[in-house]
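File shown here: start-v1.tsv, holding TSV, C-alpha atoms.
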```tsv
chain	number	residue	atom	x	y	z
A	25	MET	CA	-131.49	97.06	13.46
A	26	SER	CA	-132.91	97.81	16.92
A	27	GLN	CA	-130.81	99.61	19.51
A	28	ASN	CA	-130.92	96.58	21.79
A	29	SER	CA	-129.70	94.29	18.98
A	30	LEU	CA	-126.96	96.77	18.06
A	31	LEU	CA	-125.77	96.97	21.67
A	32	GLU	CA	-125.75	93.18	22.07
A	33	GLN	CA	-123.65	92.81	18.91
A	34	ILE	CA	-121.21	95.49	20.10
A	35	LYS	CA	-120.96	93.64	23.42
A	36	ASP	CA	-120.12	90.46	21.48
A	37	GLY	CA	-117.25	92.28	19.77
A	38	HIS	CA	-118.79	93.20	16.40
A	39	GLN	CA	-117.46	96.36	14.80
A	40	PHE	CA	-119.66	98.69	12.75
A	41	PRO	CA	-118.88	101.68	10.55
A	42	PRO	CA	-119.53	105.11	12.16
A	43	SER	CA	-122.62	105.57	9.95
A	44	VAL	CA	-124.42	102.76	11.84
A	45	TYR	CA	-123.92	104.57	15.17
A	46	GLU	CA	-124.92	107.89	13.64
A	47	ASP	CA	-128.09	106.35	12.17
A	48	ASN	CA	-128.93	104.80	15.52
A	49	ASP	CA	-128.48	108.17	17.26
A	50	ARG	CA	-130.64	109.94	14.66
A	51	ILE	CA	-133.43	107.37	15.02
A	52	TYR	CA	-133.23	107.57	18.82
A	53	LEU	CA	-133.42	111.39	18.82
A	54	ALA	CA	-136.30	111.33	16.31
A	55	MET	CA	-138.19	108.90	18.55
A	56	ILE	CA	-137.67	111.16	21.57
A	57	GLY	CA	-138.89	114.16	19.57
A	58	LEU	CA	-141.96	112.25	18.38
A	59	GLN	CA	-142.62	111.07	21.92
A	60	VAL	CA	-142.57	114.67	23.23
A	61	VAL	CA	-144.96	115.86	20.52
A	62	VAL	CA	-147.37	112.95	21.10
A	63	PHE	CA	-147.20	113.40	24.89
A	64	VAL	CA	-147.98	117.13	24.73
A	65	ALA	CA	-150.82	116.65	22.23
A	66	THR	CA	-152.28	113.78	24.24
A	67	ALA	CA	-152.00	115.66	27.54
A	68	ILE	CA	-153.85	118.65	26.06
A	69	ALA	CA	-156.59	116.50	24.51
A	70	PHE	CA	-156.96	114.43	27.71
A	71	SER	CA	-157.21	117.60	29.82
A	72	PHE	CA	-160.00	118.95	27.60
A	73	TRP	CA	-161.78	115.59	27.77
A	74	ILE	CA	-161.59	115.46	31.60
A	75	TYR	CA	-162.90	119.02	31.86
A	76	ARG	CA	-165.80	118.32	29.47
A	77	SER	CA	-166.69	114.97	31.02
A	78	HIS	CA	-166.76	116.43	34.53
A	79	ARG	CA	-168.71	119.49	33.38
A	80	ASN	CA	-171.35	117.15	31.92
A	81	LEU	CA	-172.03	115.51	35.30
A	82	LYS	CA	-174.33	118.18	36.76
A	83	SER	CA	-176.55	118.18	33.69
A	84	LEU	CA	-176.63	114.37	33.91
A	85	GLY	CA	-178.15	114.49	37.40
A	86	ALA	CA	-174.98	113.92	39.42
A	87	LEU	CA	-175.41	114.33	43.16
A	88	ALA	CA	-172.92	116.00	45.55
A	89	LEU	CA	-169.82	116.33	43.39
A	90	GLU	CA	-166.57	116.86	45.31
A	91	TYR	CA	-164.62	118.44	42.46
A	92	THR	CA	-165.18	121.12	39.85
A	93	PRO	CA	-164.38	120.69	36.16
A	94	GLY	CA	-161.43	123.08	36.46
A	95	TRP	CA	-159.93	121.27	39.42
A	96	ALA	CA	-160.62	117.92	37.76
A	97	VAL	CA	-157.80	118.96	35.43
A	98	GLY	CA	-155.88	121.16	37.87
A	99	TRP	CA	-155.10	118.38	40.34
A	100	TYR	CA	-152.74	116.80	37.79
A	101	PHE	CA	-150.42	119.77	38.33
A	102	VAL	CA	-150.42	119.92	42.15
A	103	PRO	CA	-147.36	118.22	43.66
A	104	ILE	CA	-148.07	115.26	45.97
A	105	ALA	CA	-151.86	115.55	45.44
A	106	SER	CA	-151.32	114.61	41.80
A	107	TRP	CA	-150.48	111.09	42.99
A	108	VAL	CA	-154.01	110.50	44.32
A	109	VAL	CA	-156.60	113.16	43.50
A	110	PRO	CA	-156.75	112.66	39.70
A	111	TYR	CA	-157.64	109.03	40.40
A	112	LEU	CA	-160.44	110.15	42.76
A	113	VAL	CA	-161.68	112.62	40.14
A	114	MET	CA	-161.78	109.89	37.49
A	115	GLN	CA	-163.73	107.62	39.85
A	116	GLU	CA	-166.16	110.51	40.45
A	117	ILE	CA	-166.63	110.95	36.70
A	118	TRP	CA	-167.06	107.19	36.26
A	119	LYS	CA	-169.65	106.78	39.04
A	120	ASN	CA	-171.69	109.80	38.05
A	121	SER	CA	-171.73	108.83	34.38
A	122	ASP	CA	-173.29	105.42	35.09
A	123	PRO	CA	-176.75	105.35	33.44
A	124	ASP	CA	-177.94	102.74	35.96
A	125	ARG	CA	-177.24	105.06	38.92
A	126	ILE	CA	-179.41	108.04	38.01
A	127	GLY	CA	-180.52	109.77	41.21
A	128	LYS	CA	-178.49	107.41	43.39
A	129	PHE	CA	-175.21	107.70	45.26
A	130	SER	CA	-172.65	105.12	44.26
A	131	LYS	CA	-169.65	103.99	46.25
A	132	ALA	CA	-168.63	101.36	43.70
A	133	THR	CA	-165.22	101.82	42.13
A	134	SER	CA	-164.28	100.96	38.58
A	135	LEU	CA	-161.64	98.27	38.17
A	136	ILE	CA	-160.51	99.66	34.80
A	137	VAL	CA	-159.94	103.09	36.41
A	138	VAL	CA	-157.87	101.38	39.13
A	139	VAL	CA	-155.83	99.52	36.49
A	140	TRP	CA	-155.32	102.70	34.44
A	141	TRP	CA	-154.14	104.66	37.47
A	142	ILE	CA	-151.77	101.92	38.73
A	143	LEU	CA	-150.18	101.66	35.27
A	144	PHE	CA	-149.92	105.45	35.05
A	145	VAL	CA	-148.19	105.66	38.45
A	146	ILE	CA	-145.84	102.75	37.68
A	147	ARG	CA	-144.85	104.45	34.43
A	148	VAL	CA	-144.09	107.73	36.24
A	149	ILE	CA	-142.06	105.92	38.91
A	150	LEU	CA	-140.17	103.85	36.34
A	151	GLY	CA	-139.47	106.96	34.26
A	152	SER	CA	-138.08	108.75	37.31
A	153	GLY	CA	-136.06	105.65	38.16
A	154	LEU	CA	-134.54	105.63	34.68
A	155	ASN	CA	-133.22	109.14	35.18
A	156	VAL	CA	-131.77	108.30	38.59
A	157	ALA	CA	-130.37	104.83	37.83
A	158	PHE	CA	-128.95	105.75	34.43
A	159	PRO	CA	-127.76	109.37	34.56
A	160	SER	CA	-126.44	110.73	31.30
A	161	SER	CA	-122.76	110.12	30.82
A	162	ASP	CA	-120.35	110.77	27.97
A	163	HIS	CA	-118.92	107.24	28.18
A	164	PRO	CA	-121.39	104.72	29.63
A	165	SER	CA	-120.48	101.05	29.51
A	166	ILE	CA	-122.19	98.71	27.05
A	167	GLU	CA	-123.75	96.83	29.97
A	168	THR	CA	-125.22	100.08	31.32
A	169	LEU	CA	-126.62	100.96	27.88
A	170	ILE	CA	-128.16	97.48	27.46
A	171	THR	CA	-129.77	97.62	30.92
A	172	ALA	CA	-131.03	101.18	30.35
A	173	THR	CA	-132.47	100.16	26.97
A	174	SER	CA	-134.29	97.21	28.58
A	175	PHE	CA	-135.73	99.46	31.28
A	176	GLN	CA	-136.76	101.97	28.65
A	177	MET	CA	-138.52	99.25	26.65
A	178	ALA	CA	-140.42	98.22	29.81
A	179	TRP	CA	-141.31	101.89	30.36
A	180	TYR	CA	-142.73	102.11	26.83
A	181	ALA	CA	-144.67	98.86	27.29
A	182	ILE	CA	-146.23	100.07	30.55
A	183	GLY	CA	-147.02	103.39	28.88
A	184	ALA	CA	-148.77	101.57	26.03
A	185	ALA	CA	-150.78	99.50	28.53
A	186	ALA	CA	-151.71	102.67	30.48
A	187	ALA	CA	-152.77	104.35	27.22
A	188	ALA	CA	-154.90	101.35	26.26
A	189	ALA	CA	-156.58	101.39	29.69
A	190	ALA	CA	-157.16	105.16	29.37
A	191	ILE	CA	-158.80	104.63	25.97
A	192	VAL	CA	-161.13	102.03	27.49
A	193	VAL	CA	-162.00	104.42	30.34
A	194	ILE	CA	-162.67	107.29	27.93
A	195	LEU	CA	-164.83	105.23	25.58
A	196	LYS	CA	-166.85	103.72	28.44
A	197	ILE	CA	-167.43	107.07	30.17
A	198	ASP	CA	-168.45	108.69	26.88
A	199	ALA	CA	-170.86	105.83	26.14
A	200	ASN	CA	-172.26	105.94	29.68
A	201	GLN	CA	-172.77	109.70	29.56
A	202	GLN	CA	-174.58	109.41	26.24
A	203	GLU	CA	-176.80	106.62	27.57
A	204	ARG	CA	-177.49	108.54	30.78
A	205	TYR	CA	-178.44	111.61	28.75
A	206	ASN	CA	-180.77	109.50	26.57
A	207	ARG	CA	-182.47	107.97	29.61
A	208	LEU	CA	-182.90	111.32	31.34
A	209	HIS	CA	-184.56	112.77	28.26
A	210	ALA	CA	-186.66	109.69	27.51
A	211	ASP	CA	-188.20	109.29	31.01
A	212	PRO	CA	-190.31	112.28	32.13
A	213	ALA	CA	-190.05	111.07	35.75
A	214	THR	CA	-186.33	111.84	35.78
A	215	GLN	CA	-186.57	115.31	34.22
A	216	PHE	CA	-186.44	116.99	37.63
A	217	LEU	CA	-182.84	115.82	37.99
A	218	ILE	CA	-181.65	118.09	35.16
A	219	PRO	CA	-180.63	121.48	36.64
```

What is this structure when it is put down as structure tokens?
Amino acid sequence: MSQNSLLEQIKDGHQFPPSVYEDNDRIYLAMIGLQVVVFVATAIAFSFWIYRSHRNLKSLGALALEYTPGWAVGWYFVPIASWVVPYLVMQEIWKNSDPDRIGKFSKATSLIVVVWWILFVIRVILGSGLNVAFPSSDHPSIETLITATSFQMAWYAIGAAAAAAAIVVILKIDANQQERYNRLHADPATQFLIP
């Protein structure tokens, strides 16, 4: 039985044996533990991917990069700047990975990068809002628990959408970088662009 269903039944006056509540708490704590492990593993893998993808840009003929591979990752950890600069870094990686823009400056932005970043920011804001709107309490009301559970489900849904958008961004950048590399090595006229 889902937590939301359990809470709705409690609200309607149903009584359950203590084991049902204990099972629900165990499942909830296990999910939080799994979420922390997945978040940390994903954050580490994503950081390595950003570093590698940005480092590839110079050898792919990128012109006038604003960021370094180290700072491409580092900006995620700088307060206030982390709300904007990682998005700009990802747009820089996107533009300079485009195989059709070899040797050209590009001001075009990627819609999927915009969508990914908006979802990411909404998830962070909603997560912060959950902590403020529903502070931990020893005896919250059923209505508060139901509302908090609904907000948490929305937070998970937005997180899943942000993850899906990130996967699309990663796959497209990887494919573009491979294609750009292939074109640079196939056309002798573009060889001068490789440092």

Pick the closest to Thr173 of chain A from A:Ala54, A:Leu143, A:Leu30, A:Leu195: which is it, counting all atoms listed in the file?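 Answer, going by the shortest atom-to-atom distance: A:Leu30.
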
Write out as a list of chain:residue names which residues come within 12 Å of Ser106 of chain A when counting all atoms listed in the file, dropping same-chain ones fewer than 4 positions away.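 Returned residues: A:Trp95, A:Ala96, A:Val97, A:Gly98, A:Trp99, A:Tyr100, A:Phe101, A:Val102, A:Pro110, A:Tyr111, A:Leu112, A:Val113, A:Trp141, A:Phe144, A:Val145, A:Val148.
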
Shortest contact to Lys128 of chain A, candidates A:His209, A:Leu87, A:Val61, A:Trp73, atoms counted all atoms listed in the file, goes to A:Leu87

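Once segment 81-84 of chain A and its same-chain neighbours fewer than 2 positions away are set aside, Ser77, His78, Arg79, Ala86, Leu87, Ile117, Asn120, Ser121, Gln201, Arg204, Tyr205, Leu208, Leu217, Ile218 and Pro219 of chain A remain within 8 Å of it when counting all atoms listed in the file.
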
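Here atom CA of Arg50 of chain A and atom CA of His38 of chain A stand 20.6 Å from one another.
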
Using all atoms listed in the file, can you tell me which of A:Leu169, A:Gly94, A:Ile126, A:Glu116 comes closest to Ser71 of chain A?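 Residue with the minimum atom-to-atom distance to Ser71 of chain A: A:Gly94.
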
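For the atom pair formed by atom CA of Asn80 of chain A and atom CA of Trp140 of chain A, the distance is 21.7 Å, given to one decimal.
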